[in-house]
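> Please find target_18.txt (compact mmCIF, C-alpha atoms) on the next line:
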```txt
# COMPACT_ATOMS: atom_id res chain seq x y z
CA MET A 5 120.90 91.12 99.64
CA SER A 6 117.58 89.66 98.56
CA ARG A 7 114.61 91.27 96.87
CA ILE A 8 110.92 91.43 97.48
CA THR A 9 109.05 91.50 94.21
CA ASN A 10 105.76 93.30 93.88
CA LEU A 11 104.01 91.75 90.89
CA ILE A 12 102.30 94.99 89.96
CA PRO A 13 103.97 98.36 89.98
CA ASN A 14 101.99 101.00 91.80
CA PRO A 15 98.91 101.20 89.54
CA LEU A 16 98.70 104.93 90.12
CA LEU A 17 101.89 105.29 88.09
CA THR A 18 100.16 103.69 85.10
CA PHE A 19 97.35 106.25 84.84
CA PRO A 20 95.75 106.93 82.42
CA ASN A 21 96.86 104.02 80.23
CA SER A 22 94.88 100.89 79.46
CA ALA A 23 96.26 98.89 82.43
CA ILE A 24 93.25 100.15 84.42
CA SER A 25 89.73 99.89 83.06
CA THR A 26 86.41 100.56 84.76
CA TYR A 27 82.92 99.13 84.84
CA GLU A 28 80.02 101.26 86.10
CA ALA A 29 82.55 103.54 87.81
CA THR A 30 85.12 106.26 87.29
CA VAL A 31 88.66 106.28 88.66
CA GLN A 32 90.56 109.33 89.81
CA HIS A 33 94.17 109.63 90.95
CA VAL A 34 94.53 111.83 94.05
CA ASP A 35 97.47 112.67 96.28
CA PRO A 36 100.69 110.87 95.47
CA ASP A 37 99.46 107.36 96.21
CA ARG A 38 95.66 107.15 96.24
CA MET A 39 92.98 106.30 93.76
CA ILE A 40 89.28 106.98 94.21
CA ILE A 41 86.74 104.67 92.61
CA THR A 42 83.34 106.34 92.28
CA PRO A 43 80.23 104.37 91.30
CA ASN A 44 78.14 105.63 88.40
CA ASN A 45 74.55 106.58 89.19
CA GLY A 46 72.52 103.36 89.33
CA ALA A 47 75.59 101.09 89.25
CA VAL A 48 75.02 97.44 90.16
CA ASN A 49 78.65 96.19 90.36
CA PRO A 50 81.11 99.12 90.09
CA TYR A 51 84.84 98.38 89.94
CA ALA A 52 88.22 99.32 88.53
CA LYS A 53 90.11 96.45 86.89
CA ILE A 54 93.91 96.35 86.95
CA ARG A 55 95.45 94.15 84.25
CA LEU A 56 98.77 92.47 85.01
CA CYS A 57 101.29 92.44 82.16
CA GLU A 58 101.17 88.67 81.92
CA PRO A 59 99.40 85.87 83.77
CA VAL A 60 101.08 84.52 86.91
CA SER A 61 100.41 81.37 88.94
CA GLY A 62 101.05 80.46 92.56
CA ASP A 63 100.40 81.50 96.15
CA PHE A 64 99.90 85.25 96.47
CA HIS A 65 99.30 88.03 98.96
CA LEU A 66 97.28 91.13 98.02
CA ASN A 67 96.94 94.11 100.33
CA PHE A 68 95.79 97.70 100.23
CA TRP A 69 94.57 100.56 102.41
CA LEU A 70 90.98 101.81 102.27
CA PHE A 71 90.04 105.35 103.25
CA ASN A 72 86.80 107.18 103.92
CA MET A 73 84.49 104.17 103.88
CA PRO A 74 81.09 105.32 105.22
CA GLU A 75 79.30 103.03 107.66
CA ASP A 76 76.17 102.96 105.48
CA SER A 77 78.02 101.49 102.48
CA ARG A 78 75.99 99.07 100.34
CA TRP A 79 77.90 96.42 98.38
CA HIS A 80 77.23 94.24 95.34
CA ASP A 81 79.31 91.39 96.74
CA GLY A 82 82.93 91.73 97.89
CA ILE A 83 85.56 94.42 97.87
CA CYS A 84 87.95 92.68 95.48
CA TYR A 85 87.81 89.99 92.82
CA ILE A 86 90.92 88.29 91.42
CA ASP A 87 90.46 86.71 87.99
CA ASN A 88 92.44 84.42 85.71
CA ALA A 89 93.52 85.34 82.17
CA ASN A 90 90.46 83.69 80.60
CA GLN A 91 88.18 85.35 83.15
CA THR A 92 86.67 81.96 83.99
CA VAL A 93 88.11 81.33 87.48
CA GLY A 94 88.65 83.76 90.30
CA ARG A 95 88.51 84.54 94.00
CA LEU A 96 86.09 86.98 95.63
CA PHE A 97 87.25 88.69 98.83
CA PRO A 98 84.69 90.02 101.31
CA HIS A 99 84.44 93.68 102.18
CA ASN A 100 85.20 94.94 105.64
CA ASN A 101 82.49 97.52 106.18
CA THR A 102 84.41 99.40 108.84
CA ALA A 103 84.26 103.18 108.75
CA GLY A 104 87.48 105.16 108.45
CA ALA A 105 90.85 103.79 107.32
CA THR A 106 91.39 100.03 107.12
CA PHE A 107 94.32 97.89 105.95
CA LEU A 108 93.15 94.68 104.25
CA GLY A 109 95.30 91.72 103.21
CA PHE A 110 94.35 88.48 101.49
CA ASP A 111 96.31 85.24 100.90
CA PHE A 112 95.19 83.00 98.05
CA HIS A 113 96.26 80.58 95.32
CA LEU A 114 95.35 81.13 91.66
CA ASP A 115 96.68 79.86 88.36
CA ASP A 116 97.04 82.22 85.39
CA MET A 117 95.99 85.29 87.39
CA GLN A 118 95.84 88.43 85.27
CA PHE A 119 93.14 90.76 86.63
CA ILE A 120 92.45 92.49 89.95
CA GLN A 121 89.05 94.15 90.35
CA LEU A 122 88.91 96.71 93.15
CA LYS A 123 85.28 97.39 93.99
CA CYS A 124 83.56 100.33 95.62
CA PRO A 125 80.22 100.52 97.41
CA LEU A 126 77.12 101.09 95.30
CA ASN A 127 76.37 104.35 97.09
CA HIS A 128 79.76 105.96 97.86
CA PRO A 129 83.23 106.56 96.39
CA LEU A 130 86.08 104.66 97.99
CA GLN A 131 89.79 105.53 98.23
CA PHE A 132 92.46 102.85 97.81
CA SER A 133 96.15 103.29 98.57
CA ALA A 134 99.32 101.17 98.57
CA ILE A 135 97.93 98.40 96.36
CA ASN A 136 100.37 95.49 96.50
CA LEU A 137 100.38 92.02 94.97
CA MET A 138 103.29 89.70 95.71
CA THR A 139 104.06 86.07 96.33
CA GLN A 140 103.27 84.80 99.81
CA ALA A 141 106.97 83.96 100.25
CA ASP A 142 107.92 87.58 99.50
CA TRP A 143 105.19 88.83 101.83
CA ASN A 144 106.45 86.65 104.67
CA GLU A 145 109.98 87.92 104.09
CA TYR A 146 108.80 91.52 103.99
CA LYS A 147 106.84 91.16 107.26
CA LYS A 148 110.06 90.18 109.06
CA ILE A 149 111.52 93.63 108.49
CA SER A 150 108.57 96.01 108.22
CA GLN A 151 104.87 96.48 108.79
CA GLY A 152 104.61 99.48 106.46
CA ALA A 153 103.06 99.54 103.02
CA LEU A 154 105.25 98.49 100.12
CA TYR A 155 105.36 100.98 97.25
CA GLY A 156 106.87 100.50 93.81
CA ASP A 157 107.78 97.26 92.10
CA LEU A 158 111.01 96.14 93.81
CA MET A 159 112.39 96.73 97.25
CA PRO A 160 115.90 95.61 98.22
CA LEU A 161 116.23 94.06 101.65
CA GLN A 162 119.33 94.04 103.82
CA ASN A 163 120.28 90.58 105.10
```
Here is a file; write its structure as structure tokens.


Amino acid sequence: MSRITNLIPNPLLTFPNSAISTYEATVQHVDPDRMIITPNNGAVNPYAKIRLCEPVSGDFHLNFWLFNMPEDSRWHDGICYIDNANQTVGRLFPHNNTAGATFLGFDFHLDDMQFIQLKCPLNHPLQFSAINLMTQADWNEYKKISQGALYGDLMPLQN
């Protein structure tokens, strides 16, 4: 048996501790596995920032579901920003302004990654679900057996 390692536990399980902070937004936990990020009135760059326990380096895969994204959404820049521990280097991922429910996944390399900023539109709340960060090797292994969302921090696989 091998394991797929999710580098962050489901962030909804960490509410309301300091692992999630906000900027120009509020965060609300809804349903068993969703979080809603709502921009403050007049926000310029609203986001919720998830802090990893410790910095990690390598090739990663990040994915999540988006729900209830209106077609008239206005954005500051992208939908997600990954940042290093010193907050000096990062990767910005573009938004997919598609109405309804959308599954987004991003592959990237970053050294000393410690922060994930999930952004919402300037004019609407946005729901996120099944937020997963894992190594690209684990993601490729996981795809061989399932196309569903990965929840929790470890999932045993049958060989």

> What's the 7 Å shell around segment 65-73 of chain A, counting all atoms listed in the file, without same-chain residues fewer than 2 positions away, as a list in words?

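Counting only the stated atoms, we get Glu75, Thr102, Ala103, Gly104, Ala105, Thr106, Phe107, Leu108, Gly109, Phe110, Asp111, Phe112, Leu130, Gln131, Phe132, Ser133, Ala134, Ile135, Asn136, Leu137, Met138, Thr139, Gln140 and Trp143 of chain A.
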
> Quick one, how far is atom CA of Ile54 of chain A from atom CA of Asp81 of chain A?

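Atom-to-atom, atom CA of Ile54 of chain A and atom CA of Asp81 of chain A are spaced 18.3 Å apart.
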
> As a list in words, please: the residues near Tyr85 of chain A (cut-off 9 Å, only C-alpha atoms, same-chain neighbours under 3 positions excluded).

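Returned residues: Gly82, Gly94, Arg95, Leu96, Phe97, Phe119, Ile120, Gln121, Leu122 and Lys123 of chain A.
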
> Only C-alpha atoms, please: the residues just picked out, written as a PDB file, in the coordinates of the input.


```pdb
ATOM      1  CA  GLY A  82      82.930  91.730  97.890  1.00  0.00           C
ATOM      2  CA  GLY A  94      88.650  83.760  90.300  1.00  0.00           C
ATOM      3  CA  ARG A  95      88.510  84.540  94.000  1.00  0.00           C
ATOM      4  CA  LEU A  96      86.090  86.980  95.630  1.00  0.00           C
ATOM      5  CA  PHE A  97      87.250  88.690  98.830  1.00  0.00           C
ATOM      6  CA  PHE A 119      93.140  90.760  86.630  1.00  0.00           C
ATOM      7  CA  ILE A 120      92.450  92.490  89.950  1.00  0.00           C
ATOM      8  CA  GLN A 121      89.050  94.150  90.350  1.00  0.00           C
ATOM      9  CA  LEU A 122      88.910  96.710  93.150  1.00  0.00           C
ATOM     10  CA  LYS A 123      85.280  97.390  93.990  1.00  0.00           C
TER      11      LYS A 123
END
```

> Which neighbours of Ser25 of chain A fall inside 9 Å, counting only C-alpha atoms, when residues of the same chain fewer than 6 positions from it are skipped, and could you give them as a VMD selection string?

chain A and resid 31 51 to 55

> Just C-alpha atoms for this one: save the residues we selected as an mmCIF file, in the frame of the given file.


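Generated file (result-v7.cif):
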```cif
data_model
loop_
_atom_site.group_PDB
_atom_site.id
_atom_site.type_symbol
_atom_site.label_atom_id
_atom_site.label_comp_id
_atom_site.auth_asym_id
_atom_site.auth_seq_id
_atom_site.Cartn_x
_atom_site.Cartn_y
_atom_site.Cartn_z
ATOM 1 C CA VAL A 31 88.660 106.280 88.660
ATOM 2 C CA TYR A 51 84.840 98.380 89.940
ATOM 3 C CA ALA A 52 88.220 99.320 88.530
ATOM 4 C CA LYS A 53 90.110 96.450 86.890
ATOM 5 C CA ILE A 54 93.910 96.350 86.950
ATOM 6 C CA ARG A 55 95.450 94.150 84.250
#
```

> Under the rule that all atoms listed in the file are counted, which of A:Pro43, A:Pro59, A:Pro50, A:Pro98 is the nearest residue to His128 of chain A?

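Of the candidates, the smallest distance to His128 of chain A is held by A:Pro43.
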
> Check the smallest atom-to-atom distance from each of A:Ile86, A:Ala47, A:Ala29, A:Ala141 to Asp115 of chain A using all atoms listed in the file, then report the winner.

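Among A:Ile86, A:Ala47, A:Ala29, A:Ala141, it is A:Ile86 that comes nearest to Asp115 of chain A.
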
> Draw an axis-aligned box over all listed atoms of segment 44-62 of chain A, pad each side with 8 Å, and write its centre and edge lengths in Å, one decimal, as AutoDock Vina command-line options.


```
--center_x 86.9 --center_y 93.5 --center_z 87.2 --size_x 44.8 --size_y 42.1 --size_z 26.6
```

> So the first atom is atom CA of Asp37 of chain A and the second is atom CA of His80 of chain A; what is the distance between them in Å, to one decimal place?

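Taking atom CA of Asp37 of chain A and atom CA of His80 of chain A, their separation equals 25.8 Å.
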